[in-house]
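Raw model_2.txt, compact mmCIF, N, CA and C atoms:
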```
# COMPACT_ATOMS: atom_id res chain seq x y z
N MET A 173 108.47 -31.66 1.32
CA MET A 173 107.98 -32.03 0.01
C MET A 173 106.48 -32.22 0.04
N LEU A 174 105.94 -32.83 1.10
CA LEU A 174 104.50 -33.04 1.20
C LEU A 174 103.74 -31.74 1.35
N SER A 175 104.36 -30.73 1.94
CA SER A 175 103.65 -29.46 2.13
C SER A 175 103.48 -28.71 0.82
N ALA A 176 104.23 -29.05 -0.22
CA ALA A 176 104.11 -28.36 -1.51
C ALA A 176 102.83 -28.75 -2.23
N ALA A 177 102.35 -29.96 -2.03
CA ALA A 177 101.16 -30.44 -2.74
C ALA A 177 99.94 -29.58 -2.45
N PRO A 178 99.62 -29.25 -1.19
CA PRO A 178 98.45 -28.41 -0.96
C PRO A 178 98.60 -27.03 -1.60
N SER A 179 99.80 -26.46 -1.57
CA SER A 179 99.97 -25.14 -2.16
C SER A 179 99.83 -25.20 -3.68
N LEU A 180 100.28 -26.28 -4.29
CA LEU A 180 100.09 -26.44 -5.74
C LEU A 180 98.61 -26.59 -6.06
N ALA A 181 97.90 -27.34 -5.25
CA ALA A 181 96.46 -27.52 -5.46
C ALA A 181 95.74 -26.19 -5.28
N ALA A 182 96.12 -25.44 -4.27
CA ALA A 182 95.50 -24.13 -4.04
C ALA A 182 95.80 -23.19 -5.19
N SER A 183 97.03 -23.22 -5.69
CA SER A 183 97.42 -22.38 -6.80
C SER A 183 96.63 -22.75 -8.06
N ALA A 184 96.47 -24.05 -8.31
CA ALA A 184 95.71 -24.49 -9.48
C ALA A 184 94.26 -24.09 -9.34
N SER A 185 93.71 -24.20 -8.14
CA SER A 185 92.32 -23.81 -7.90
C SER A 185 92.14 -22.31 -8.11
N ALA A 186 93.09 -21.51 -7.62
CA ALA A 186 93.03 -20.06 -7.80
C ALA A 186 93.12 -19.69 -9.27
N SER A 187 93.98 -20.38 -10.01
CA SER A 187 94.11 -20.12 -11.44
C SER A 187 92.83 -20.48 -12.17
N ALA A 188 92.23 -21.60 -11.82
CA ALA A 188 90.97 -22.01 -12.44
C ALA A 188 89.88 -21.00 -12.13
N SER A 189 89.84 -20.48 -10.90
CA SER A 189 88.85 -19.48 -10.53
C SER A 189 89.06 -18.20 -11.32
N ALA A 190 90.30 -17.78 -11.48
CA ALA A 190 90.59 -16.57 -12.24
C ALA A 190 90.20 -16.73 -13.70
N ILE A 191 90.46 -17.88 -14.26
CA ILE A 191 90.08 -18.14 -15.66
C ILE A 191 88.56 -18.15 -15.78
N GLY A 192 87.89 -18.78 -14.84
CA GLY A 192 86.43 -18.81 -14.86
C GLY A 192 85.84 -17.42 -14.75
N LEU A 193 86.40 -16.58 -13.88
CA LEU A 193 85.93 -15.21 -13.73
C LEU A 193 86.16 -14.44 -15.02
N ALA A 194 87.32 -14.59 -15.62
CA ALA A 194 87.62 -13.89 -16.88
C ALA A 194 86.65 -14.29 -17.98
N LEU A 195 86.38 -15.58 -18.09
CA LEU A 195 85.43 -16.05 -19.10
C LEU A 195 84.03 -15.53 -18.80
N GLY A 196 83.67 -15.50 -17.54
CA GLY A 196 82.36 -14.97 -17.16
C GLY A 196 82.22 -13.50 -17.50
N LEU A 197 83.29 -12.73 -17.28
CA LEU A 197 83.25 -11.31 -17.62
C LEU A 197 83.11 -11.10 -19.12
N ILE A 198 83.79 -11.92 -19.91
CA ILE A 198 83.68 -11.82 -21.36
C ILE A 198 82.26 -12.18 -21.80
N LEU A 199 81.72 -13.26 -21.25
CA LEU A 199 80.35 -13.66 -21.58
C LEU A 199 79.36 -12.59 -21.17
N ALA A 200 79.55 -12.02 -20.00
CA ALA A 200 78.63 -10.99 -19.53
C ALA A 200 78.65 -9.78 -20.44
N ALA A 201 79.81 -9.38 -20.88
CA ALA A 201 79.91 -8.23 -21.80
C ALA A 201 79.17 -8.53 -23.10
N ALA A 202 79.25 -9.76 -23.55
CA ALA A 202 78.60 -10.13 -24.81
C ALA A 202 77.08 -10.18 -24.66
N THR A 203 76.56 -10.41 -23.45
CA THR A 203 75.12 -10.53 -23.28
C THR A 203 74.44 -9.20 -22.98
N VAL A 204 75.21 -8.13 -22.78
CA VAL A 204 74.60 -6.82 -22.52
C VAL A 204 74.05 -6.29 -23.83
N PRO A 205 72.74 -5.99 -23.89
CA PRO A 205 72.19 -5.44 -25.12
C PRO A 205 72.93 -4.17 -25.51
N SER A 206 73.13 -3.97 -26.80
CA SER A 206 73.91 -2.81 -27.25
C SER A 206 73.29 -1.50 -26.78
N THR A 207 71.97 -1.46 -26.64
CA THR A 207 71.32 -0.23 -26.16
C THR A 207 71.62 0.03 -24.69
N ALA A 208 71.99 -1.00 -23.94
CA ALA A 208 72.26 -0.85 -22.51
C ALA A 208 73.72 -0.51 -22.23
N ARG A 209 74.61 -0.77 -23.17
CA ARG A 209 76.04 -0.60 -22.91
C ARG A 209 76.40 0.81 -22.49
N GLY A 210 75.82 1.82 -23.12
CA GLY A 210 76.16 3.20 -22.78
C GLY A 210 75.12 3.88 -21.91
N ALA A 211 74.11 3.14 -21.46
CA ALA A 211 73.03 3.73 -20.68
C ALA A 211 73.48 4.07 -19.27
N THR A 212 72.90 5.13 -18.75
CA THR A 212 73.13 5.45 -17.34
C THR A 212 72.25 4.54 -16.50
N ALA A 213 72.54 4.47 -15.22
CA ALA A 213 71.71 3.65 -14.33
C ALA A 213 70.28 4.18 -14.31
N ALA A 214 70.13 5.49 -14.31
CA ALA A 214 68.79 6.08 -14.31
C ALA A 214 68.00 5.63 -15.54
N GLU A 215 68.66 5.57 -16.69
CA GLU A 215 67.99 5.13 -17.92
C GLU A 215 67.72 3.63 -17.90
N LEU A 216 68.72 2.85 -17.55
CA LEU A 216 68.63 1.40 -17.62
C LEU A 216 67.66 0.82 -16.59
N PHE A 217 67.64 1.40 -15.41
CA PHE A 217 66.84 0.84 -14.32
C PHE A 217 65.57 1.65 -14.02
N LYS A 218 65.20 2.60 -14.89
CA LYS A 218 64.10 3.51 -14.57
C LYS A 218 62.78 2.80 -14.31
N ASP A 219 62.47 1.75 -15.03
CA ASP A 219 61.20 1.04 -14.85
C ASP A 219 61.36 -0.27 -14.06
N ALA A 220 62.50 -0.46 -13.42
CA ALA A 220 62.76 -1.71 -12.71
C ALA A 220 61.86 -1.84 -11.49
N ASP A 221 61.39 -3.05 -11.27
CA ASP A 221 60.55 -3.38 -10.12
C ASP A 221 61.49 -3.81 -8.98
N MET A 222 61.77 -2.87 -8.08
CA MET A 222 62.73 -3.12 -7.02
C MET A 222 62.26 -4.22 -6.06
N ALA A 223 60.97 -4.27 -5.78
CA ALA A 223 60.45 -5.31 -4.89
C ALA A 223 60.64 -6.68 -5.53
N LEU A 224 60.40 -6.77 -6.82
CA LEU A 224 60.61 -8.04 -7.54
C LEU A 224 62.08 -8.43 -7.50
N GLY A 225 62.97 -7.46 -7.75
CA GLY A 225 64.41 -7.75 -7.71
C GLY A 225 64.86 -8.26 -6.36
N SER A 226 64.38 -7.64 -5.29
CA SER A 226 64.74 -8.09 -3.94
C SER A 226 64.22 -9.50 -3.69
N ARG A 227 62.98 -9.75 -4.11
CA ARG A 227 62.39 -11.08 -3.91
C ARG A 227 63.17 -12.15 -4.68
N LEU A 228 63.55 -11.84 -5.93
CA LEU A 228 64.28 -12.80 -6.74
C LEU A 228 65.67 -13.08 -6.18
N LEU A 229 66.33 -12.05 -5.66
CA LEU A 229 67.64 -12.26 -5.03
C LEU A 229 67.53 -13.26 -3.88
N ALA A 230 66.46 -13.13 -3.10
CA ALA A 230 66.25 -14.05 -1.97
C ALA A 230 65.85 -15.44 -2.47
N GLU A 231 64.92 -15.50 -3.41
CA GLU A 231 64.44 -16.78 -3.93
C GLU A 231 65.54 -17.63 -4.54
N HIS A 232 66.42 -16.98 -5.29
CA HIS A 232 67.47 -17.71 -6.00
C HIS A 232 68.74 -17.86 -5.16
N GLN A 233 68.67 -17.41 -3.91
CA GLN A 233 69.77 -17.55 -2.95
C GLN A 233 71.10 -17.05 -3.52
N CYS A 234 71.03 -15.87 -4.12
CA CYS A 234 72.22 -15.28 -4.74
C CYS A 234 73.36 -15.10 -3.75
N GLN A 235 73.04 -14.61 -2.55
CA GLN A 235 74.10 -14.37 -1.57
C GLN A 235 74.80 -15.66 -1.18
N ALA A 236 74.06 -16.75 -1.03
CA ALA A 236 74.67 -18.03 -0.66
C ALA A 236 75.64 -18.49 -1.76
N CYS A 237 75.28 -18.30 -3.00
CA CYS A 237 76.16 -18.66 -4.11
C CYS A 237 77.42 -17.79 -4.09
N HIS A 238 77.24 -16.49 -3.83
CA HIS A 238 78.39 -15.59 -3.77
C HIS A 238 79.33 -15.96 -2.63
N VAL A 239 78.77 -16.38 -1.50
CA VAL A 239 79.59 -16.83 -0.36
C VAL A 239 80.42 -18.04 -0.78
N ARG A 240 79.79 -18.99 -1.49
CA ARG A 240 80.52 -20.18 -1.94
C ARG A 240 81.63 -19.79 -2.92
N LYS A 241 81.40 -18.79 -3.75
CA LYS A 241 82.39 -18.40 -4.76
C LYS A 241 83.54 -17.59 -4.20
N VAL A 242 83.24 -16.64 -3.29
CA VAL A 242 84.30 -15.72 -2.83
C VAL A 242 84.56 -15.77 -1.33
N GLY A 243 83.74 -16.51 -0.58
CA GLY A 243 83.93 -16.60 0.86
C GLY A 243 83.41 -15.39 1.60
N GLY A 244 83.68 -15.36 2.88
CA GLY A 244 83.21 -14.26 3.73
C GLY A 244 81.70 -14.14 3.69
N ASP A 245 81.21 -12.91 3.59
CA ASP A 245 79.77 -12.70 3.50
C ASP A 245 79.29 -12.64 2.05
N GLY A 246 80.20 -12.85 1.10
CA GLY A 246 79.86 -12.86 -0.32
C GLY A 246 79.90 -11.51 -0.98
N SER A 247 80.05 -10.45 -0.21
CA SER A 247 79.99 -9.10 -0.78
C SER A 247 81.21 -8.76 -1.64
N ALA A 248 82.30 -9.49 -1.50
CA ALA A 248 83.50 -9.23 -2.32
C ALA A 248 83.23 -9.44 -3.80
N ILE A 249 82.20 -10.19 -4.13
CA ILE A 249 81.89 -10.45 -5.53
C ILE A 249 81.38 -9.19 -6.23
N TYR A 250 80.88 -8.23 -5.47
CA TYR A 250 80.25 -7.06 -6.08
C TYR A 250 81.22 -6.07 -6.71
N ARG A 251 82.46 -6.07 -6.33
CA ARG A 251 83.43 -5.17 -6.97
C ARG A 251 84.74 -5.91 -7.16
N PRO A 252 84.75 -6.91 -8.04
CA PRO A 252 86.00 -7.65 -8.24
C PRO A 252 87.04 -6.77 -8.93
N GLN A 253 87.84 -6.09 -8.13
CA GLN A 253 88.91 -5.23 -8.61
C GLN A 253 88.40 -4.19 -9.60
N GLY A 254 87.19 -3.67 -9.36
CA GLY A 254 86.65 -2.60 -10.18
C GLY A 254 86.24 -3.00 -11.59
N ARG A 255 86.09 -4.29 -11.86
CA ARG A 255 85.78 -4.74 -13.21
C ARG A 255 84.37 -4.38 -13.65
N ILE A 256 83.45 -4.33 -12.75
CA ILE A 256 82.08 -3.97 -13.10
C ILE A 256 81.98 -2.46 -12.90
N ASN A 257 82.08 -1.73 -14.01
CA ASN A 257 82.17 -0.28 -13.89
C ASN A 257 81.12 0.50 -14.67
N THR A 258 80.10 -0.18 -15.16
CA THR A 258 78.98 0.51 -15.80
C THR A 258 77.68 -0.21 -15.44
N PRO A 259 76.56 0.49 -15.49
CA PRO A 259 75.28 -0.17 -15.22
C PRO A 259 74.98 -1.29 -16.23
N GLY A 260 75.35 -1.10 -17.48
CA GLY A 260 75.12 -2.13 -18.49
C GLY A 260 75.93 -3.38 -18.21
N PHE A 261 77.14 -3.20 -17.76
CA PHE A 261 77.98 -4.36 -17.44
C PHE A 261 77.44 -5.08 -16.21
N LEU A 262 76.91 -4.34 -15.24
CA LEU A 262 76.28 -4.95 -14.07
C LEU A 262 75.10 -5.82 -14.51
N ARG A 263 74.26 -5.28 -15.38
CA ARG A 263 73.12 -6.05 -15.87
C ARG A 263 73.61 -7.30 -16.61
N GLY A 264 74.69 -7.16 -17.36
CA GLY A 264 75.26 -8.30 -18.07
C GLY A 264 75.76 -9.38 -17.13
N MET A 265 76.33 -8.99 -16.00
CA MET A 265 76.79 -9.99 -15.03
C MET A 265 75.61 -10.74 -14.41
N VAL A 266 74.51 -10.03 -14.17
CA VAL A 266 73.32 -10.71 -13.65
C VAL A 266 72.80 -11.68 -14.71
N GLU A 267 72.83 -11.27 -15.96
CA GLU A 267 72.41 -12.16 -17.05
C GLU A 267 73.33 -13.37 -17.13
N GLN A 268 74.62 -13.17 -16.89
CA GLN A 268 75.56 -14.29 -16.91
C GLN A 268 75.23 -15.28 -15.80
N CYS A 269 74.90 -14.78 -14.61
CA CYS A 269 74.47 -15.67 -13.53
C CYS A 269 73.20 -16.41 -13.92
N ASN A 270 72.27 -15.69 -14.52
CA ASN A 270 71.02 -16.30 -14.99
C ASN A 270 71.31 -17.46 -15.94
N SER A 271 72.21 -17.25 -16.88
CA SER A 271 72.56 -18.30 -17.84
C SER A 271 73.31 -19.45 -17.17
N GLU A 272 74.29 -19.10 -16.36
CA GLU A 272 75.13 -20.11 -15.71
C GLU A 272 74.31 -21.02 -14.80
N LEU A 273 73.35 -20.44 -14.10
CA LEU A 273 72.55 -21.20 -13.15
C LEU A 273 71.25 -21.73 -13.75
N LYS A 274 71.04 -21.42 -15.03
CA LYS A 274 69.81 -21.86 -15.72
C LYS A 274 68.57 -21.44 -14.92
N ALA A 275 68.56 -20.17 -14.48
CA ALA A 275 67.48 -19.66 -13.64
C ALA A 275 66.22 -19.31 -14.45
N SER A 276 66.34 -19.19 -15.76
CA SER A 276 65.20 -18.90 -16.64
C SER A 276 64.51 -17.59 -16.29
N LEU A 277 65.29 -16.58 -15.94
CA LEU A 277 64.72 -15.27 -15.63
C LEU A 277 64.38 -14.53 -16.91
N PHE A 278 63.30 -13.78 -16.88
CA PHE A 278 62.93 -12.92 -17.99
C PHE A 278 63.81 -11.68 -17.97
N PRO A 279 63.97 -11.00 -19.11
CA PRO A 279 64.82 -9.80 -19.15
C PRO A 279 64.45 -8.75 -18.10
N GLU A 280 63.16 -8.54 -17.87
CA GLU A 280 62.76 -7.54 -16.87
C GLU A 280 63.12 -7.99 -15.45
N GLU A 281 63.20 -9.29 -15.23
CA GLU A 281 63.62 -9.80 -13.92
C GLU A 281 65.12 -9.61 -13.73
N VAL A 282 65.89 -9.83 -14.78
CA VAL A 282 67.34 -9.58 -14.73
C VAL A 282 67.58 -8.11 -14.43
N THR A 283 66.84 -7.24 -15.10
CA THR A 283 66.98 -5.80 -14.88
C THR A 283 66.59 -5.43 -13.46
N ALA A 284 65.54 -6.04 -12.93
CA ALA A 284 65.11 -5.75 -11.55
C ALA A 284 66.19 -6.14 -10.55
N ILE A 285 66.79 -7.30 -10.74
CA ILE A 285 67.87 -7.74 -9.84
C ILE A 285 69.06 -6.78 -9.95
N ALA A 286 69.44 -6.43 -11.17
CA ALA A 286 70.57 -5.51 -11.36
C ALA A 286 70.28 -4.15 -10.72
N ALA A 287 69.04 -3.70 -10.81
CA ALA A 287 68.67 -2.42 -10.21
C ALA A 287 68.83 -2.46 -8.69
N VAL A 288 68.44 -3.56 -8.07
CA VAL A 288 68.59 -3.70 -6.61
C VAL A 288 70.07 -3.75 -6.25
N LEU A 289 70.86 -4.49 -7.02
CA LEU A 289 72.30 -4.54 -6.75
C LEU A 289 72.93 -3.16 -6.91
N ASN A 290 72.47 -2.42 -7.91
CA ASN A 290 72.98 -1.07 -8.10
C ASN A 290 72.62 -0.19 -6.90
N ARG A 291 71.39 -0.29 -6.45
CA ARG A 291 70.95 0.51 -5.30
C ARG A 291 71.74 0.15 -4.05
N ASP A 292 71.97 -1.14 -3.82
CA ASP A 292 72.57 -1.58 -2.57
C ASP A 292 74.09 -1.65 -2.56
N HIS A 293 74.72 -1.80 -3.74
CA HIS A 293 76.16 -2.03 -3.75
C HIS A 293 76.95 -1.10 -4.68
N TYR A 294 76.45 -0.84 -5.87
CA TYR A 294 77.25 -0.13 -6.86
C TYR A 294 77.02 1.38 -6.88
N ARG A 295 75.76 1.78 -6.84
CA ARG A 295 75.37 3.20 -6.83
C ARG A 295 75.83 3.96 -8.08
N PHE A 296 75.70 3.32 -9.24
CA PHE A 296 75.96 4.03 -10.49
C PHE A 296 74.88 5.10 -10.67
N LYS A 297 75.24 6.21 -11.26
CA LYS A 297 74.28 7.31 -11.50
C LYS A 297 73.56 7.11 -12.80
```
Serialized structure, structure tokens:
Amino acid sequence: MLSAAPSLAASASASASAIGLALGLILAAATVPSTARGATAAELFKDADMALGSRLLAEHQCQACHVRKVGGDGSAIYRPQGRINTPGFLRGMVEQCNSELKASLFPEEVTAIAAVLNRDHYRFK
């Protein structure tokens, strides 16, 4: 009977995480500018400052946050069951992190971070 309590707690925690992820995905979709929703990566990230994006990823300790959220090396966050499937949605997820963490990033900084993530993890065309 005592062994059921930890599994119930783990189940509740997993459910809360799934709900949080779902809400985050909905919020991210809503924050993607309508002009970016159908854009290709080449169009959306064409003027992105890749050096700035890399610096901001390090400054804001994005990887450490991802490790806390998903465990391991944090890279599992980059393709949660294929949910991030367009460059616009990727940019929206970065904007969602910006809002959630109150990072106060400018739109061009969000785009720079998304461009680096696309280069290193997603490789959208």
Q. What does the distance between atom C of Lys274 in chain A and CA of Phe296 in chain A come to in Å, to one decimal place?
A.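 The value is 26.9 Å.
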Q. Between CA of Lys297 in chain A and CA of Ala213 in chain A, what is the distance, to one decimal in Å?
A.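 Separation between CA of Lys297 in chain A and CA of Ala213 in chain A: 5.3 Å.
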Q. What lies within 12 Å of range 217-233 of chain A using only C-alpha atoms, ignoring chain neighbours under 6 positions off, as a ChimeraX atom specification?
A. /A:208,211,239-240,246,259-260,262-263,266,269-270,273-292,295-297
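Between CA of Ala236 in chain A and CA of Thr212 in chain A the separation is 28.8 Å.
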